[in-house]
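Data from query05.cif: mmCIF, C-alpha atoms
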data_data
#
loop_
_atom_site.group_PDB
_atom_site.id
_atom_site.type_symbol
_atom_site.label_atom_id
_atom_site.label_comp_id
_atom_site.auth_asym_id
_atom_site.auth_seq_id
_atom_site.Cartn_x
_atom_site.Cartn_y
_atom_site.Cartn_z
ATOM 1 C CA MET A 465 0.000 0.000 0.000
ATOM 2 C CA GLY A 466 1.597 3.258 -1.172
ATOM 3 C CA SER A 467 0.871 6.807 -0.088
ATOM 4 C CA GLU A 468 -1.991 7.304 -2.575
ATOM 5 C CA SER A 469 -3.713 4.110 -1.419
ATOM 6 C CA ILE A 470 -3.242 5.195 2.180
ATOM 7 C CA TYR A 471 -4.934 8.497 1.423
ATOM 8 C CA ARG A 472 -7.895 6.743 -0.218
ATOM 9 C CA LEU A 473 -8.316 4.372 2.700
ATOM 10 C CA LEU A 474 -8.320 7.256 5.138
ATOM 11 C CA THR A 475 -11.083 8.972 3.176
ATOM 12 C CA LEU A 476 -13.218 5.813 3.011
ATOM 13 C CA GLY A 477 -13.564 5.220 6.723
ATOM 14 C CA THR A 478 -13.389 1.901 8.561
ATOM 15 C CA GLU A 479 -17.044 1.047 7.864
ATOM 16 C CA MET A 480 -16.150 0.650 4.185
ATOM 17 C CA VAL A 481 -13.561 -2.083 4.811
ATOM 18 C CA PRO A 482 -15.258 -4.440 7.294
ATOM 19 C CA LEU A 483 -13.599 -7.583 5.896
ATOM 20 C CA LEU A 484 -10.020 -6.347 5.521
ATOM 21 C CA GLU A 485 -7.741 -9.082 6.928
ATOM 22 C CA ARG A 486 -4.242 -8.237 5.711
ATOM 23 C CA VAL A 487 -2.437 -4.981 4.964
ATOM 24 C CA GLU A 488 1.081 -4.368 3.673
ATOM 25 C CA VAL A 489 2.249 -0.780 4.008
ATOM 26 C CA TRP A 490 5.353 0.311 2.123
ATOM 27 C CA ASN A 491 6.580 3.862 1.864
ATOM 28 C CA HIS A 492 10.234 4.661 1.257
ATOM 29 C CA THR A 493 9.647 8.313 0.473
ATOM 30 C CA LYS A 494 11.071 11.080 2.654
ATOM 31 C CA SER A 495 8.012 13.233 2.103
ATOM 32 C CA THR A 496 6.728 14.724 5.349
ATOM 33 C CA GLU A 497 3.167 14.582 4.021
ATOM 34 C CA ASP A 498 3.400 10.854 3.247
ATOM 35 C CA LYS A 499 4.785 10.169 6.725
ATOM 36 C CA ARG A 500 1.961 12.160 8.277
ATOM 37 C CA ARG A 501 -0.569 10.092 6.323
ATOM 38 C CA ILE A 502 0.947 6.863 7.599
ATOM 39 C CA ASP A 503 0.923 8.177 11.179
ATOM 40 C CA ASN A 504 -2.765 8.985 10.747
ATOM 41 C CA LEU A 505 -3.456 5.583 9.216
ATOM 42 C CA THR A 506 -2.056 3.636 12.176
ATOM 43 C CA PRO A 507 -4.973 4.104 14.619
ATOM 44 C CA VAL A 508 -7.428 3.447 11.779
ATOM 45 C CA LEU A 509 -5.851 0.069 11.063
ATOM 46 C CA ALA A 510 -5.588 -0.789 14.752
ATOM 47 C CA SER A 511 -9.337 -0.295 15.149
ATOM 48 C CA LEU A 512 -10.276 -2.833 12.448
ATOM 49 C CA SER A 513 -11.528 -5.993 14.146
ATOM 50 C CA SER A 514 -11.109 -7.969 10.905
ATOM 51 C CA LEU A 515 -7.422 -7.056 10.446
ATOM 52 C CA SER A 516 -5.246 -9.949 11.612
ATOM 53 C CA GLU A 517 -1.990 -9.353 9.718
ATOM 54 C CA ILE A 518 0.092 -6.282 8.931
ATOM 55 C CA VAL A 519 3.451 -5.862 7.194
ATOM 56 C CA TRP A 520 5.422 -2.608 7.458
ATOM 57 C CA SER A 521 8.171 -1.669 4.998
ATOM 58 C CA GLY A 522 9.955 1.640 4.756
ATOM 59 C CA TYR A 523 8.870 4.365 7.144
ATOM 60 C CA ILE A 524 7.685 3.018 10.506
ATOM 61 C CA PRO A 525 4.960 5.172 12.101
ATOM 62 C CA ARG A 526 6.033 7.095 15.180
ATOM 63 C CA ASN A 527 2.897 5.988 17.002
ATOM 64 C CA ILE A 528 2.970 2.293 16.046
ATOM 65 C CA SER A 529 3.943 1.197 19.572
ATOM 66 C CA ASN A 530 1.771 3.720 21.406
ATOM 67 C CA ILE A 531 -1.682 2.485 20.425
ATOM 68 C CA PRO A 532 -3.360 -0.874 21.148
ATOM 69 C CA TRP A 533 -3.629 -3.568 18.479
ATOM 70 C CA PRO A 534 -6.265 -5.790 20.126
ATOM 71 C CA TYR A 535 -7.057 -7.910 17.052
ATOM 72 C CA LEU A 536 -3.670 -8.368 15.396
ATOM 73 C CA ARG A 537 -2.360 -11.947 15.149
ATOM 74 C CA ARG A 538 0.680 -11.494 12.910
ATOM 75 C CA PHE A 539 2.974 -8.576 12.246
ATOM 76 C CA VAL A 540 6.117 -8.196 10.163
ATOM 77 C CA ILE A 541 8.524 -5.256 10.511
ATOM 78 C CA ARG A 542 11.037 -5.073 7.658
ATOM 79 C CA GLU A 543 12.801 -1.914 8.808
ATOM 80 C CA SER A 544 15.055 -1.181 11.781
ATOM 81 C CA LEU A 545 13.352 -1.373 15.176
ATOM 82 C CA ASN A 546 15.122 -1.100 18.525
ATOM 83 C CA THR A 547 14.430 -3.316 21.515
ATOM 84 C CA ARG A 548 12.424 -0.691 23.389
ATOM 85 C CA GLN A 549 10.140 -0.009 20.410
ATOM 86 C CA CYS A 550 9.680 -3.719 19.805
ATOM 87 C CA LEU A 551 8.727 -4.466 23.416
ATOM 88 C CA LEU A 552 6.257 -1.590 23.537
ATOM 89 C CA LEU A 553 4.655 -2.805 20.317
ATOM 90 C CA MET A 554 4.495 -6.403 21.547
ATOM 91 C CA ALA A 555 2.845 -5.289 24.769
ATOM 92 C CA ARG A 556 0.076 -3.696 22.691
ATOM 93 C CA CYS A 557 -0.730 -6.941 20.853
ATOM 94 C CA PRO A 558 -2.425 -9.286 23.359
ATOM 95 C CA MET A 559 -3.650 -11.748 20.690
ATOM 96 C CA ILE A 560 -0.466 -11.890 18.614
ATOM 97 C CA GLU A 561 0.550 -15.361 17.369
ATOM 98 C CA GLU A 562 3.464 -14.617 15.020
ATOM 99 C CA ILE A 563 6.113 -11.879 15.024
ATOM 100 C CA VAL A 564 8.814 -11.205 12.405
ATOM 101 C CA ILE A 565 11.448 -8.508 13.040
ATOM 102 C CA LEU A 566 14.082 -8.325 10.306
ATOM 103 C CA HIS A 567 16.333 -5.554 11.697
ATOM 104 C CA LEU A 568 16.395 -5.587 15.493
ATOM 105 C CA THR A 569 18.841 -3.246 17.231
ATOM 106 C CA ASN A 570 19.778 -2.857 20.877
ATOM 107 C CA SER A 571 18.592 0.103 22.916
ATOM 108 C CA THR A 572 19.688 1.439 26.266
ATOM 109 C CA HIS A 573 18.121 -0.760 28.908
ATOM 110 C CA ASP A 574 15.099 0.907 30.450
ATOM 111 C CA ALA A 575 14.128 -0.486 33.853
ATOM 112 C CA ALA A 576 10.645 0.981 33.395
ATOM 113 C CA ILE A 577 9.845 -1.466 30.589
ATOM 114 C CA PRO A 578 8.101 -4.483 32.120
ATOM 115 C CA VAL A 579 8.587 -8.057 31.041
ATOM 116 C CA VAL A 580 6.100 -8.654 28.218
ATOM 117 C CA HIS A 581 3.843 -11.702 28.488
ATOM 118 C CA LEU A 582 2.422 -12.965 25.186
ATOM 119 C CA PRO A 583 0.326 -16.056 25.942
ATOM 120 C CA HIS A 584 -0.646 -16.798 22.315
ATOM 121 C CA LEU A 585 2.673 -16.231 20.514
ATOM 122 C CA ARG A 586 3.734 -19.424 18.735
ATOM 123 C CA THR A 587 6.209 -18.209 16.096
ATOM 124 C CA LEU A 588 9.051 -15.713 16.555
ATOM 125 C CA TYR A 589 11.588 -14.633 13.902
ATOM 126 C CA LEU A 590 14.302 -12.214 15.044
ATOM 127 C CA LYS A 591 17.274 -10.977 13.057
ATOM 128 C CA GLY A 592 19.815 -8.673 14.683
ATOM 129 C CA ASP A 593 20.731 -8.072 18.338
ATOM 130 C CA THR A 594 18.378 -10.488 20.060
ATOM 131 C CA GLY A 595 19.657 -11.035 23.601
ATOM 132 C CA GLN A 596 18.192 -7.920 25.210
ATOM 133 C CA LEU A 597 14.748 -8.633 23.776
ATOM 134 C CA LEU A 598 14.716 -12.311 24.789
ATOM 135 C CA ASP A 599 15.388 -11.309 28.396
ATOM 136 C CA GLN A 600 12.168 -9.259 28.481
ATOM 137 C CA LEU A 601 9.741 -11.880 27.136
ATOM 138 C CA VAL A 602 7.513 -14.592 28.581
ATOM 139 C CA LEU A 603 6.215 -16.856 25.794
ATOM 140 C CA PRO A 604 4.503 -19.977 27.169
ATOM 141 C CA SER A 605 3.066 -21.030 23.776
ATOM 142 C CA LEU A 606 6.262 -20.534 21.745
ATOM 143 C CA ARG A 607 6.835 -23.442 19.361
ATOM 144 C CA SER A 608 8.988 -22.015 16.545
ATOM 145 C CA LEU A 609 12.018 -19.750 16.956
ATOM 146 C CA ASP A 610 14.264 -18.433 14.167
ATOM 147 C CA MET A 611 16.928 -16.007 15.344
ATOM 148 C CA THR A 612 20.405 -14.601 15.212
ATOM 149 C CA PRO A 613 21.935 -16.156 18.350
ATOM 150 C CA PRO A 614 22.475 -13.599 21.143
ATOM 151 C CA MET A 615 25.991 -12.950 22.422
ATOM 152 C CA ASP A 616 24.841 -14.190 25.835
ATOM 153 C CA ASP A 617 24.762 -17.986 25.604
ATOM 154 C CA LYS A 618 22.290 -18.240 28.489
ATOM 155 C CA ALA A 619 19.626 -15.916 27.023
ATOM 156 C CA LEU A 620 17.645 -18.744 25.406
ATOM 157 C CA GLU A 621 17.853 -20.846 28.548
ATOM 158 C CA ARG A 622 16.498 -17.962 30.623
ATOM 159 C CA LEU A 623 13.662 -17.465 28.133
ATOM 160 C CA GLY A 624 12.754 -21.138 28.390
ATOM 161 C CA THR A 625 12.860 -21.073 32.187
ATOM 162 C CA ARG A 626 10.601 -18.022 32.422
ATOM 163 C CA SER A 627 8.201 -19.259 29.745
ATOM 164 C CA SER A 628 8.110 -23.029 30.386
ATOM 165 C CA CYS A 629 7.702 -23.373 26.614
ATOM 166 C CA ASN A 630 8.384 -26.405 24.428
ATOM 167 C CA LEU A 631 10.086 -25.588 21.141
ATOM 168 C CA PHE A 632 9.399 -27.779 18.112
ATOM 169 C CA HIS A 633 11.510 -25.780 15.629
ATOM 170 C CA LEU A 634 14.756 -23.861 16.142
ATOM 171 C CA CYS A 635 16.836 -22.094 13.484
ATOM 172 C CA LEU A 636 20.091 -20.312 14.299
ATOM 173 C CA PHE A 637 21.504 -18.277 11.440
ATOM 174 C CA ALA A 638 24.642 -16.214 10.919
ATOM 175 C CA ASP A 639 24.777 -12.454 10.697
ATOM 176 C CA LYS A 640 27.644 -10.075 9.920
ATOM 177 C CA ARG A 641 29.611 -10.910 13.060
ATOM 178 C CA PRO A 642 32.920 -12.736 12.419
ATOM 179 C CA MET A 643 31.761 -16.157 13.615
ATOM 180 C CA HIS A 644 33.003 -19.117 11.624
ATOM 181 C CA THR A 645 31.822 -22.162 13.589
ATOM 182 C CA ILE A 646 28.814 -22.930 15.711
ATOM 183 C CA SER A 647 31.085 -23.733 18.640
ATOM 184 C CA GLU A 648 31.776 -20.041 19.002
ATOM 185 C CA TRP A 649 28.110 -19.603 19.842
ATOM 186 C CA ASN A 650 28.214 -22.577 22.200
ATOM 187 C CA ALA A 651 25.252 -24.083 20.389
ATOM 188 C CA LEU A 652 25.302 -27.037 22.746
ATOM 189 C CA GLU A 653 24.406 -24.606 25.539
ATOM 190 C CA TYR A 654 21.178 -23.939 23.676
ATOM 191 C CA LEU A 655 20.472 -27.583 22.972
ATOM 192 C CA GLN A 656 20.830 -28.473 26.666
ATOM 193 C CA SER A 657 18.063 -26.023 27.572
ATOM 194 C CA ALA A 658 14.851 -27.613 28.771
ATOM 195 C CA CYS A 659 12.821 -25.767 26.124
ATOM 196 C CA CYS A 660 14.856 -27.461 23.364
ATOM 197 C CA GLN A 661 14.363 -31.069 24.461
ATOM 198 C CA THR A 662 11.112 -31.228 22.466
ATOM 199 C CA LEU A 663 12.744 -30.050 19.214
ATOM 200 C CA ARG A 664 11.692 -31.891 16.074
ATOM 201 C CA SER A 665 13.376 -29.549 13.592
ATOM 202 C CA LEU A 666 16.831 -27.965 13.994
ATOM 203 C CA HIS A 667 18.544 -25.734 11.426
ATOM 204 C CA ILE A 668 22.082 -24.442 11.963
ATOM 205 C CA LYS A 669 23.201 -22.018 9.259
ATOM 206 C CA PRO A 670 26.868 -21.355 10.153
ATOM 207 C CA ALA A 671 29.381 -24.183 9.863
ATOM 208 C CA THR A 672 29.428 -26.844 12.579
ATOM 209 C CA THR A 673 32.283 -29.040 13.782
ATOM 210 C CA ASP A 674 32.969 -32.606 14.927
ATOM 211 C CA THR A 675 32.089 -31.699 18.529
ATOM 212 C CA PHE A 676 28.586 -30.643 17.555
ATOM 213 C CA PHE A 677 27.811 -33.867 15.676
ATOM 214 C CA ARG A 678 29.407 -36.093 18.331
ATOM 215 C CA ASN A 679 27.088 -34.586 20.930
ATOM 216 C CA LEU A 680 24.079 -35.254 18.702
ATOM 217 C CA THR A 681 25.106 -38.879 18.120
ATOM 218 C CA TRP A 682 22.676 -41.138 19.975
ATOM 219 C CA LYS A 683 24.530 -43.391 22.422
ATOM 220 C CA GLY A 684 21.731 -45.446 23.915
ATOM 221 C CA GLU A 685 22.129 -45.505 27.699
ATOM 222 C CA ILE A 686 25.674 -44.103 27.636
ATOM 223 C CA GLY A 687 26.278 -40.413 28.330
ATOM 224 C CA ASN A 688 24.069 -37.384 27.817
ATOM 225 C CA GLN A 689 21.306 -37.562 25.250
ATOM 226 C CA TYR A 690 20.225 -34.461 23.336
ATOM 227 C CA LEU A 691 17.014 -33.884 21.391
ATOM 228 C CA PRO A 692 15.273 -37.267 21.586
ATOM 229 C CA ASP A 693 12.384 -36.115 19.344
ATOM 230 C CA LEU A 694 14.571 -34.719 16.532
ATOM 231 C CA VAL A 695 13.188 -35.603 13.101
ATOM 232 C CA GLU A 696 14.795 -33.020 10.790
ATOM 233 C CA LEU A 697 18.325 -31.602 10.959
ATOM 234 C CA SER A 698 19.925 -29.105 8.582
ATOM 235 C CA ALA A 699 23.523 -27.979 9.096
ATOM 236 C CA ARG A 700 26.659 -26.873 7.312
ATOM 237 C CA SER A 701 29.652 -28.900 8.407
ATOM 238 C CA TYR A 702 33.414 -28.694 8.772
ATOM 239 C CA THR A 703 33.845 -32.272 9.914
ATOM 240 C CA THR A 704 36.082 -35.325 9.775
ATOM 241 C CA ASP A 705 34.926 -38.057 7.398
ATOM 242 C CA GLY A 706 32.486 -40.431 9.097
ATOM 243 C CA ILE A 707 31.359 -38.128 11.934
ATOM 244 C CA VAL A 708 28.131 -37.006 10.263
ATOM 245 C CA SER A 709 27.204 -40.436 8.894
ATOM 246 C CA GLU A 710 27.710 -41.945 12.361
ATOM 247 C CA MET A 711 25.315 -39.391 13.856
ATOM 248 C CA VAL A 712 22.712 -40.004 11.140
ATOM 249 C CA ALA A 713 22.981 -43.788 11.517
ATOM 250 C CA SER A 714 22.599 -43.572 15.302
ATOM 251 C CA ARG A 715 19.281 -41.748 14.902
ATOM 252 C CA TRP A 716 18.080 -43.409 11.713
ATOM 253 C CA HIS A 717 15.545 -45.703 13.328
ATOM 254 C CA ILE A 718 13.742 -45.794 16.641
ATOM 255 C CA GLN A 719 16.331 -47.010 19.127
ATOM 256 C CA GLY A 720 14.512 -49.443 21.397
ATOM 257 C CA LYS A 721 12.164 -48.352 24.170
ATOM 258 C CA GLY A 722 12.296 -46.327 27.360
ATOM 259 C CA LYS A 723 14.112 -43.155 28.388
ATOM 260 C CA SER A 724 17.318 -44.176 26.646
ATOM 261 C CA SER A 725 15.669 -44.335 23.245
ATOM 262 C CA CYS A 726 15.011 -41.851 20.455
ATOM 263 C CA SER A 727 11.246 -41.420 20.525
ATOM 264 C CA SER A 728 10.967 -40.554 16.820
ATOM 265 C CA GLY A 729 14.164 -41.210 14.907
ATOM 266 C CA LEU A 730 15.855 -38.835 12.459
ATOM 267 C CA SER A 731 14.070 -39.011 9.113
ATOM 268 C CA ARG A 732 15.715 -36.135 7.250
ATOM 269 C CA TYR A 733 19.227 -34.689 7.257
ATOM 270 C CA MET A 734 20.391 -31.924 4.928
ATOM 271 C CA SER A 735 23.944 -30.703 4.674
ATOM 272 C CA ASP A 736 25.669 -28.015 2.664
ATOM 273 C CA GLY A 737 28.988 -29.619 3.496
ATOM 274 C CA ILE A 738 32.254 -27.709 3.509
ATOM 275 C CA ARG A 739 35.615 -29.320 4.015
ATOM 276 C CA GLU A 740 39.078 -27.882 3.389
ATOM 277 C CA GLY A 741 37.523 -24.844 1.748
ATOM 278 C CA ARG A 742 35.659 -26.817 -0.912
ATOM 279 C CA LYS A 743 31.892 -27.113 -1.105
ATOM 280 C CA ARG A 744 30.628 -30.669 -1.135
ATOM 281 C CA SER A 745 27.399 -31.769 -2.747
ATOM 282 C CA SER A 746 24.292 -31.567 -0.582
ATOM 283 C CA TYR A 747 23.317 -34.776 1.136
ATOM 284 C CA LEU A 748 19.647 -35.553 1.698
ATOM 285 C CA ALA A 749 18.438 -38.544 3.666
ATOM 286 C CA THR A 750 14.813 -39.478 4.083
ATOM 287 C CA SER A 751 13.239 -42.594 5.487
#

How does the structure come out when it is put into structure tokens?
Amino acid sequence: MGSESIYRLLTLGTEMVPLLERVEVWNHTKSTEDKRRIDNLTPVLASLSSLSEIVWSGYIPRNISNIPWPYLRRFVIRESLNTRQCLLLMARCPMIEEIVILHLTNSTHDAAIPVVHLPHLRTLYLKGDTGQLLDQLVLPSLRSLDMTPPMDDKALERLGTRSSCNLFHLCLFADKRPMHTISEWNALEYLQSACCQTLRSLHIKPATTDTFFRNLTWKGEIGNQYLPDLVELSARSYTTDGIVSEMVASRWHIQGKGKSSCSSGLSRYMSDGIREGRKRSSYLATS
């Protein structure tokens, strides 16, 4: 929706759009008049009981986090948003089920901002500086999390402890920081968290090492066991020959019964393998 469409919607009135369910607003102009129109549009959209999804691109309204969004179930912000703005917006969306923030930045910690409780949020996608935001959220229904890993290795564990959530999907992807292997993020710290023990799908975008795959290898009753319900794994790998295949084989079928067994068995593994600087062909395994 460009500036001209915004103007027309404002002149129509909300009674003329009773069935509007989704709106995408994009405005990359620097025009003061266009920005004013978008600011005026925000409360109009928030009042629509039929509107369940909104996508913002370009200019973000100054008042977007200052008005309630009682009906919104999904929002996507494609422009830069700091932690404070994001938390204030989240707090105004009591029914929200999915949030996508593509450019999250840190803001000076404000003790006046309360922890935000979102009982219906199931899907969260965060790209940028995520640690500060995770420490301010309680998400008991969270099932899917895609994010740039925070610098603080314990941030996800704290989120899981506060929320008592059970993740089914986790994706950790690289950003512009100079991180070459997943070990530098201590990915195993994440996978030991209680909220990750229900994972069925795990995607690791930066390269992983032998240590990572050895810890995912199912050992029956010997040693620690991670992710017993894992069905799908996607990872890039800098590994010694045989390490990955051993992990896949150990989880290929249901391993017996009881607490020492894999409850599901790995049915799909995808790898964009890298070894000695050369890209190997992708390997796909399905049962």

Translate the PyMOL selection byres ((chain A and resi 489-498) around 8) into a concrete residue list for this structure, as a list of chain:residue names. A:Met465, A:Gly466, A:Ser467, A:Val487, A:Glu488, A:Lys499, A:Arg500, A:Arg501, A:Ile502, A:Ile518, A:Val519, A:Trp520, A:Ser521, A:Gly522, A:Tyr523

Any idea what's packed within 7 Å of Val602 of chain A, counting all atoms listed in the file, ignoring anything in its chain fewer than 6 positions away? Could you give it as a list in words? Val580, His581, Leu582, Leu623, Arg626 and Ser627 of chain A

Please indicate the distance in Å from atom CA of Ile528 of chain A to atom CA of Leu588 of chain A, rounded to one decimal place.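 Separation between atom CA of Ile528 of chain A and atom CA of Leu588 of chain A: 19.0 Å.
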
Quick check, in Å to one decimal: how far apart do atom CA of Val579 of chain A and atom CA of Leu666 of chain A lie?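 Spanning atom CA of Val579 of chain A to atom CA of Leu666 of chain A is a straight-line distance of 27.5 Å.
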
Please determine the residues with any atom at most 12 Å from (12.5, -18.5, 9.8) (coordinates as given in the file, with all atoms listed in the file counting) and report them as a VMD selection string. chain A and resid 562 to 566 587 to 591 608 to 612 633 to 637 665 to 669

Specify the axis-aligned box that encloses all atoms of segment 578-587 of chain A listed in the file after padding of 4 Å on each side, stating its centre and edge lengths in Å to one decimal as AutoDock Vina command-line options.
--center_x 4.0 --center_y -12.0 --center_z 24.1 --size_x 17.2 --size_y 22.9 --size_z 24.0

I want to know what sits within 7 Å of Ser544 of chain A, based on only C-alpha atoms, with residues of the same chain fewer than 4 positions away left out; could you give that as a ChimeraX atom specification? /A:567-569

Who sits within 12 Å of segment 556-561 of chain A, all atoms listed in the file, same chain under 6 positions skipped, as a short mmCIF file (atom, residue, chain, number, x, y, z; two decimals) with C-alpha atoms, keeping the file's coordinate frame:
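Produced file out-v2.cif, reproduced below:
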data_model
loop_
_atom_site.label_atom_id
_atom_site.label_comp_id
_atom_site.auth_asym_id
_atom_site.auth_seq_id
_atom_site.Cartn_x
_atom_site.Cartn_y
_atom_site.Cartn_z
CA ALA A 510 -5.59 -0.79 14.75
CA SER A 513 -11.53 -5.99 14.15
CA LEU A 515 -7.42 -7.06 10.45
CA SER A 516 -5.25 -9.95 11.61
CA GLU A 517 -1.99 -9.35 9.72
CA ILE A 518 0.09 -6.28 8.93
CA ASN A 527 2.90 5.99 17.00
CA ILE A 528 2.97 2.29 16.05
CA SER A 529 3.94 1.20 19.57
CA ASN A 530 1.77 3.72 21.41
CA ILE A 531 -1.68 2.48 20.42
CA PRO A 532 -3.36 -0.87 21.15
CA TRP A 533 -3.63 -3.57 18.48
CA PRO A 534 -6.26 -5.79 20.13
CA TYR A 535 -7.06 -7.91 17.05
CA LEU A 536 -3.67 -8.37 15.40
CA ARG A 537 -2.36 -11.95 15.15
CA ARG A 538 0.68 -11.49 12.91
CA PHE A 539 2.97 -8.58 12.25
CA VAL A 540 6.12 -8.20 10.16
CA GLN A 549 10.14 -0.01 20.41
CA CYS A 550 9.68 -3.72 19.80
CA VAL A 580 6.10 -8.65 28.22
CA HIS A 581 3.84 -11.70 28.49
CA LEU A 582 2.42 -12.96 25.19
CA PRO A 583 0.33 -16.06 25.94
CA HIS A 584 -0.65 -16.80 22.32
CA LEU A 585 2.67 -16.23 20.51
CA ARG A 586 3.73 -19.42 18.74
CA THR A 587 6.21 -18.21 16.10
CA LEU A 588 9.05 -15.71 16.56
CA TYR A 589 11.59 -14.63 13.90
CA LEU A 603 6.22 -16.86 25.79
CA PRO A 604 4.50 -19.98 27.17
CA SER A 605 3.07 -21.03 23.78
CA LEU A 606 6.26 -20.53 21.74
CA ARG A 607 6.84 -23.44 19.36
CA SER A 608 8.99 -22.02 16.55
#

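Rounded to one decimal, atom CA of Ala699 of chain A and atom CA of Tyr654 of chain A lie 15.3 Å from each other.
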
I need the output of the PyMOL selection byres ((chain A and resi 711) around 8) for this file as a list in words; which residues are they?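 Applied to this file, the PyMOL selection byres ((chain A and resi 711) around 8) selects Phe677, Arg678, Leu680, Thr681, Trp682, Ile707, Val708, Ser709, Glu710, Val712, Ala713, Ser714 and Arg715 of chain A.
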
Residue contacts of Thr703 of chain A (7 Å, only C-alpha atoms) excluding same-chain residues fewer than 2 positions away, as a PDB file with C-alpha atoms, in the coordinates of the input:
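Okay, this is what ended up in selection-v1.pdb:
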ATOM      1  CA  THR A 673      32.283 -29.040  13.782  1.00  0.00           C
ATOM      2  CA  ASP A 674      32.969 -32.606  14.927  1.00  0.00           C
ATOM      3  CA  SER A 701      29.652 -28.900   8.407  1.00  0.00           C
ATOM      4  CA  ASP A 705      34.926 -38.057   7.398  1.00  0.00           C
ATOM      5  CA  ILE A 707      31.359 -38.128  11.934  1.00  0.00           C
ATOM      6  CA  ARG A 739      35.615 -29.320   4.015  1.00  0.00           C
TER       7      ARG A 739
END

Would you translate the PyMOL selection byres ((chain A and resi 596-600) around 8) into the concrete set of residues it matches in this file, as a count of residues only? 15

Saving segment 563-613 of chain A with C-alpha atoms, as a tab-separated table (two decimals), in the first residue's frame, what would that file be?
chain	number	residue	atom	x	y	z
A	563	ILE	CA	6.11	-11.88	15.02
A	564	VAL	CA	8.81	-11.20	12.40
A	565	ILE	CA	11.45	-8.51	13.04
A	566	LEU	CA	14.08	-8.32	10.31
A	567	HIS	CA	16.33	-5.55	11.70
A	568	LEU	CA	16.40	-5.59	15.49
A	569	THR	CA	18.84	-3.25	17.23
A	570	ASN	CA	19.78	-2.86	20.88
A	571	SER	CA	18.59	0.10	22.92
A	572	THR	CA	19.69	1.44	26.27
A	573	HIS	CA	18.12	-0.76	28.91
A	574	ASP	CA	15.10	0.91	30.45
A	575	ALA	CA	14.13	-0.49	33.85
A	576	ALA	CA	10.64	0.98	33.39
A	577	ILE	CA	9.84	-1.47	30.59
A	578	PRO	CA	8.10	-4.48	32.12
A	579	VAL	CA	8.59	-8.06	31.04
A	580	VAL	CA	6.10	-8.65	28.22
A	581	HIS	CA	3.84	-11.70	28.49
A	582	LEU	CA	2.42	-12.96	25.19
A	583	PRO	CA	0.33	-16.06	25.94
A	584	HIS	CA	-0.65	-16.80	22.32
A	585	LEU	CA	2.67	-16.23	20.51
A	586	ARG	CA	3.73	-19.42	18.73
A	587	THR	CA	6.21	-18.21	16.10
A	588	LEU	CA	9.05	-15.71	16.56
A	589	TYR	CA	11.59	-14.63	13.90
A	590	LEU	CA	14.30	-12.21	15.04
A	591	LYS	CA	17.27	-10.98	13.06
A	592	GLY	CA	19.81	-8.67	14.68
A	593	ASP	CA	20.73	-8.07	18.34
A	594	THR	CA	18.38	-10.49	20.06
A	595	GLY	CA	19.66	-11.03	23.60
A	596	GLN	CA	18.19	-7.92	25.21
A	597	LEU	CA	14.75	-8.63	23.78
A	598	LEU	CA	14.72	-12.31	24.79
A	599	ASP	CA	15.39	-11.31	28.40
A	600	GLN	CA	12.17	-9.26	28.48
A	601	LEU	CA	9.74	-11.88	27.14
A	602	VAL	CA	7.51	-14.59	28.58
A	603	LEU	CA	6.21	-16.86	25.79
A	604	PRO	CA	4.50	-19.98	27.17
A	605	SER	CA	3.07	-21.03	23.78
A	606	LEU	CA	6.26	-20.53	21.74
A	607	ARG	CA	6.83	-23.44	19.36
A	608	SER	CA	8.99	-22.02	16.54
A	609	LEU	CA	12.02	-19.75	16.96
A	610	ASP	CA	14.26	-18.43	14.17
A	611	MET	CA	16.93	-16.01	15.34
A	612	THR	CA	20.40	-14.60	15.21
A	613	PRO	CA	21.94	-16.16	18.35
